[in-house]
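As C-alpha cells, the structure follows; a few thoughts come after it.
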Amino acid sequence: MDGLSLVDSVGNDEAVIATNDDAASCKRCAVALGYWHDRYISYFVRSTDRKAPEINRGYFARAVAIKILVDKFIEVNNGNCQIVNIGAGFDTLYWRLIDEGKSVKGFVELDFPGVTSRKCLYIQRTKQLLQAVSDEDYDVKLNRHNLHGHTYKLAGVDLRNISEVEAKIKESDLEYSLPTLFLAECVLVYMTIHRSSQLLKWIAENFKSAFFINYEMVNLGDRFGDVMLSNLHLRGCDLAGAEACQSTETQRKRFLDAGWAGADSYDMLGIWARLPPEEIARVTQIELLDEQELLNQLFSHYAITTAWTDHRWSDVQL
Ligand SMILES: C[S@@+](CC[C@H](N)C(=O)[O-])C[C@H]1O[C@@H](n2cnc3c(N)ncnc32)[C@H](O)[C@@H]1O
C-alpha cells in the first residue's frame, strides 16, 4: 500500500472537504437566480446566502463550458463511453444526463469518504435522486461510503493513494478499453504535484482512450493570485499543488509530462468569449454587475485544460 507522507498534509483534509460545501452552495445560489437549470442541486444544499454577481457569473461560465465539453464527448462517442468525476463533491452531472436522455456505459464519482458518505445519505433519502441510480433488474448496493448502482457508482477514496483508486475503479466495473472522460473541477490543486502526476500517469497508462477536463486556477504567481492563496490559507486550506497552476502552459505541461498525448488550456476570459452569445446576453440581464474588472481578474485566474491520450478527442473543444 502506498502510504501518505506528512508532505501530503493530511491535517488539511477537513478544510479541503469543506471546499465542496462552498462550491455546492455557490452553484445552488446561481441556479436559484436562473443562471442555469439544475433541479437536483437543492437536494444536496438546502439553502444558501446570496453570492456576489461576479461569483455567480464565474460559476455560470464554468458550468456551461463544462456542459458543452461533456455533451460533445458523449455525442462523438454515441454514448458508448464512460465518465469518471474525480473529487466530484455534490456534483449533479449524472442526474442531468439522465434527464436529458444522454446515457453512458458507466459513471463513477470519487471523493473522500467524508464527502461520499453524505452524498450516499442524500441519495438514499431522496426519491428523485435514488430513482435515477436504480434499475429494475439491478439492486442498488449501498454502504456508508459507497453506492453501487447499475451504471452509477459513488466511491469513497483518497485520490492520493493510487492502489486505493485502482481498487475502486476495478470495483466500479469500468472497462479500460472504452473511451473515458475524466472530469476534475478544482480538485488536483489540493494534492502535491507528486500525487496528482501519479494519478494522471496512472490514468494515461491504464485507459487506452482517455479525455480529461480540468477546471482550476492559473496565474497564481501574481498579486491577485497571492490574495487568493492567502484567503484560502486563512481558512486552513493550503494549495499543495499550486505549482501546476502558474499559467495555462504549466497546466498543459503537467498532462504532457504525465504521458498524455496532447493538451490545450484556455483561461476563463478566453472561454467566456467562446460561449454561446445568446446565453451571455441572457445571463447578463439577471443582475447588475458593478465590478467588471473584478470579474475579469477572476476569469484570468481560472482555466479549463483538456488533455487526451487518443488524438480523436483533440477535436472536443468549445
Ligand atoms: C472545490 S471541491 C469541488 C467539488 C466538485 N468537483 C465541484 O466542482 O463542485 C474539491 C473536491 O475535491 C475533493 N478532494 C480533494 N482532494 C481529494 C483527495 N485527495 N481525495 C479525494 N477527494 C479529494 C474534496 O473532498 C472536494 O469534494
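Chain identifiers are assigned as A, B, and so on, following the order in which chains appear in the C-alpha cells; residues are numbered from 1 within each chain, and ligands are numbered from 1 in order of appearance.
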Exercise answer, 7 Å around ligand 1 with only C-alpha atoms and all ligand atoms, as a list of chain:residue names: A:Val16, A:Ile17, A:Thr19, A:Asn20, A:Ala23, A:Ala24, A:Ile86, A:Gly87, A:Ala88, A:Gly89, A:Phe90, A:Asp91, A:Leu110, A:Asp111, A:Phe112, A:Val115, A:Val157, A:Asp158, A:Leu159, A:Arg160, A:Ala184, A:Glu185, A:Cys186, A:Val187, A:Leu188, A:Tyr190, A:Met191
Rows by chain and residue number, segment 80-178 of chain A within 7 Å of segment 200-214 of chain A, shortest pair, only C-alpha atoms, as JSON lines:
{"residue": "A:Tyr176", "atom": "CA", "partner": "A:Phe207", "partner_atom": "CA", "distance": 4.8}
{"residue": "A:Ser177", "atom": "CA", "partner": "A:Lys208", "partner_atom": "CA", "distance": 5.5}
{"residue": "A:Leu178", "atom": "CA", "partner": "A:Ser209", "partner_atom": "CA", "distance": 6.6}
Go ahead and dump the residues you just picked, C-alpha atoms, as a compact mmCIF listing (two decimals), in the first residue's frame.
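So the final result, stored in selection-v6.txt, reads:
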# COMPACT_ATOMS: atom_id res chain seq x y z
CA TYR A 176 -10.19 0.21 -19.61
CA SER A 177 -10.68 -0.08 -23.37
CA LEU A 178 -13.76 2.18 -23.64
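Distance annotation: of A:Val189, A:Pro277, A:Ile41, A:Arg96, the residue with the minimal separation from Thr126 of chain A is A:Ile41; atom set is only C-alpha atoms.
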DSSP strand (DSSP E) residues within segment 73-114 of chain A, listed as a PyMOL selection string: chain A and resi 82-86+106-111
For Ala261 of chain A, list every protein, DNA or RNA residue within 9 Å, evaluated using only C-alpha atoms, and leave out those in the same chain fewer than 5 positions away; present the list as a CSV table (one decimal) with all heavy atoms, in the first residue's frame.
chain,number,residue,atom,x,y,z
A,204,ALA,N,-3.4,7.7,-17.7
A,204,ALA,CA,-2.9,7.6,-19.1
A,204,ALA,C,-2.3,6.2,-19.4
A,204,ALA,O,-2.5,5.8,-20.5
A,204,ALA,CB,-1.8,8.7,-19.3
A,255,PHE,N,0.1,17.6,-17.9
A,255,PHE,CA,-0.5,16.5,-18.6
A,255,PHE,C,0.5,15.8,-19.6
A,255,PHE,O,0.7,14.6,-19.6
A,255,PHE,CB,-1.8,16.9,-19.4
A,255,PHE,CG,-3.0,17.0,-18.5
A,255,PHE,CD1,-3.3,18.3,-18.0
A,255,PHE,CD2,-3.7,16.0,-18.1
A,255,PHE,CE1,-4.4,18.5,-17.2
A,255,PHE,CE2,-4.8,16.1,-17.3
A,255,PHE,CZ,-5.1,17.4,-16.8
A,256,LEU,N,1.2,16.7,-20.3
A,256,LEU,CA,2.2,16.1,-21.2
A,256,LEU,C,3.3,15.4,-20.5
A,256,LEU,O,3.7,14.3,-20.9
A,256,LEU,CB,2.8,17.3,-22.1
A,256,LEU,CG,1.8,18.1,-22.9
A,256,LEU,CD1,2.4,19.2,-23.7
A,256,LEU,CD2,1.0,17.2,-23.9
A,307,ALA,N,-7.1,17.4,-22.0
A,307,ALA,CA,-6.0,16.6,-22.4
A,307,ALA,C,-6.5,15.3,-22.9
A,307,ALA,O,-7.6,14.8,-22.6
A,307,ALA,CB,-5.1,16.4,-21.2
A,308,TRP,N,-5.7,14.6,-23.8
A,308,TRP,CA,-6.2,13.3,-24.4
A,308,TRP,C,-5.0,12.4,-24.5
A,308,TRP,O,-3.9,12.8,-24.7
A,308,TRP,CB,-6.9,13.6,-25.7
A,308,TRP,CG,-6.0,14.5,-26.6
A,308,TRP,CD1,-5.1,14.2,-27.5
A,308,TRP,CD2,-6.1,16.0,-26.7
A,308,TRP,NE1,-4.5,15.3,-28.1
A,308,TRP,CE2,-5.1,16.4,-27.6
A,308,TRP,CE3,-6.8,16.9,-26.0
A,308,TRP,CZ2,-4.9,17.7,-27.9
A,308,TRP,CZ3,-6.6,18.3,-26.3
A,308,TRP,CH2,-5.7,18.7,-27.2
A,309,THR,N,-5.4,11.1,-24.4
A,309,THR,CA,-4.4,10.1,-24.7
A,309,THR,C,-4.6,9.6,-26.2
A,309,THR,O,-3.8,8.8,-26.7
A,309,THR,CB,-4.5,8.9,-23.8
A,309,THR,OG1,-5.8,8.4,-23.9
A,309,THR,CG2,-4.2,9.3,-22.3
A,310,ASP,N,-5.7,10.0,-26.7
A,310,ASP,CA,-6.1,9.5,-28.0
A,310,ASP,C,-6.4,10.7,-28.9
A,310,ASP,O,-7.3,11.5,-28.5
A,310,ASP,CB,-7.4,8.6,-27.8
A,310,ASP,CG,-8.0,8.1,-29.1
A,310,ASP,OD1,-7.8,8.7,-30.2
A,310,ASP,OD2,-8.7,7.0,-29.0
A,311,HIS,N,-5.7,10.9,-30.0
A,311,HIS,CA,-5.9,12.1,-30.8
A,311,HIS,C,-7.3,12.4,-31.3
A,311,HIS,O,-7.6,13.5,-31.7
A,311,HIS,CB,-4.9,12.2,-31.9
A,311,HIS,CG,-3.5,12.6,-31.4
A,311,HIS,ND1,-3.2,13.8,-31.0
A,311,HIS,CD2,-2.4,11.8,-31.2
A,311,HIS,CE1,-2.0,13.9,-30.6
A,311,HIS,NE2,-1.4,12.7,-30.7
Selection: 8 Å around Phe107 of chain A, only C-alpha atoms, excl. self and same-chain fewer than 4 positions, as JSON, numbers by chain: {"A": [82, 83, 84, 85, 94, 151, 152, 153]}
Residue with smallest distance to Tyr138 of chain A - pool A:Lys253, A:Arg195, A:His150, A:Arg50, counting only C-alpha atoms: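 The answer is A:His150, which sits nearest to Tyr138 of chain A.
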Contact residues around segment 264-273 of chain A with only C-alpha atoms at 10 Å, ignoring same-chain residues under 2 positions, as a PyMOL selection string: chain A and resi 57-58+60-62+64-65+213-219+247-253+255+262+275-277+280+295-308+314+317-318
All residues 12 Å or closer to Asp137 of chain A, only C-alpha atoms, same chain fewer than 2 positions away omitted, as a list of chain:residue names: A:Val133, A:Ser134, A:Asp135, A:Asp139, A:Val140, A:Gly149, A:His150, A:Thr151
N, CA, C and O atoms of the current selection, written as a CSV table (one decimal), in the first residue's frame:
chain,number,residue,atom,x,y,z
A,133,VAL,N,-30.6,6.3,-10.0
A,133,VAL,CA,-29.5,5.4,-9.9
A,133,VAL,C,-29.9,3.9,-9.9
A,133,VAL,O,-29.1,3.0,-9.8
A,134,SER,N,-31.3,3.8,-9.8
A,134,SER,CA,-31.8,2.4,-9.7
A,134,SER,C,-32.2,1.8,-11.0
A,134,SER,O,-32.4,2.6,-12.0
A,135,ASP,N,-32.3,0.6,-11.1
A,135,ASP,CA,-32.7,-0.1,-12.3
A,135,ASP,C,-33.5,-1.3,-11.9
A,135,ASP,O,-33.2,-2.0,-10.9
A,139,ASP,N,-30.3,-4.4,-8.1
A,139,ASP,CA,-30.4,-3.9,-6.8
A,139,ASP,C,-29.3,-2.9,-6.5
A,139,ASP,O,-28.1,-3.3,-6.5
A,140,VAL,N,-29.6,-1.7,-6.1
A,140,VAL,CA,-28.6,-0.8,-5.7
A,140,VAL,C,-27.9,-1.3,-4.4
A,140,VAL,O,-28.6,-1.6,-3.4
A,149,GLY,N,-24.7,1.4,-8.1
A,149,GLY,CA,-25.9,1.1,-9.0
A,149,GLY,C,-25.5,0.4,-10.2
A,149,GLY,O,-24.3,0.0,-10.4
A,150,HIS,N,-26.4,0.3,-11.2
A,150,HIS,CA,-26.1,-0.4,-12.4
A,150,HIS,C,-25.0,0.3,-13.2
A,150,HIS,O,-24.0,-0.2,-13.6
A,151,THR,N,-25.4,1.6,-13.5
A,151,THR,CA,-24.4,2.5,-14.2
A,151,THR,C,-23.7,3.4,-13.3
A,151,THR,O,-22.5,3.7,-13.5
Helix (DSSP H, G or I) residues, from DSSP on the backbone, in segment 53-112 of chain A, as an MDAnalysis selection string: chainID A and resid 53:76 93:99
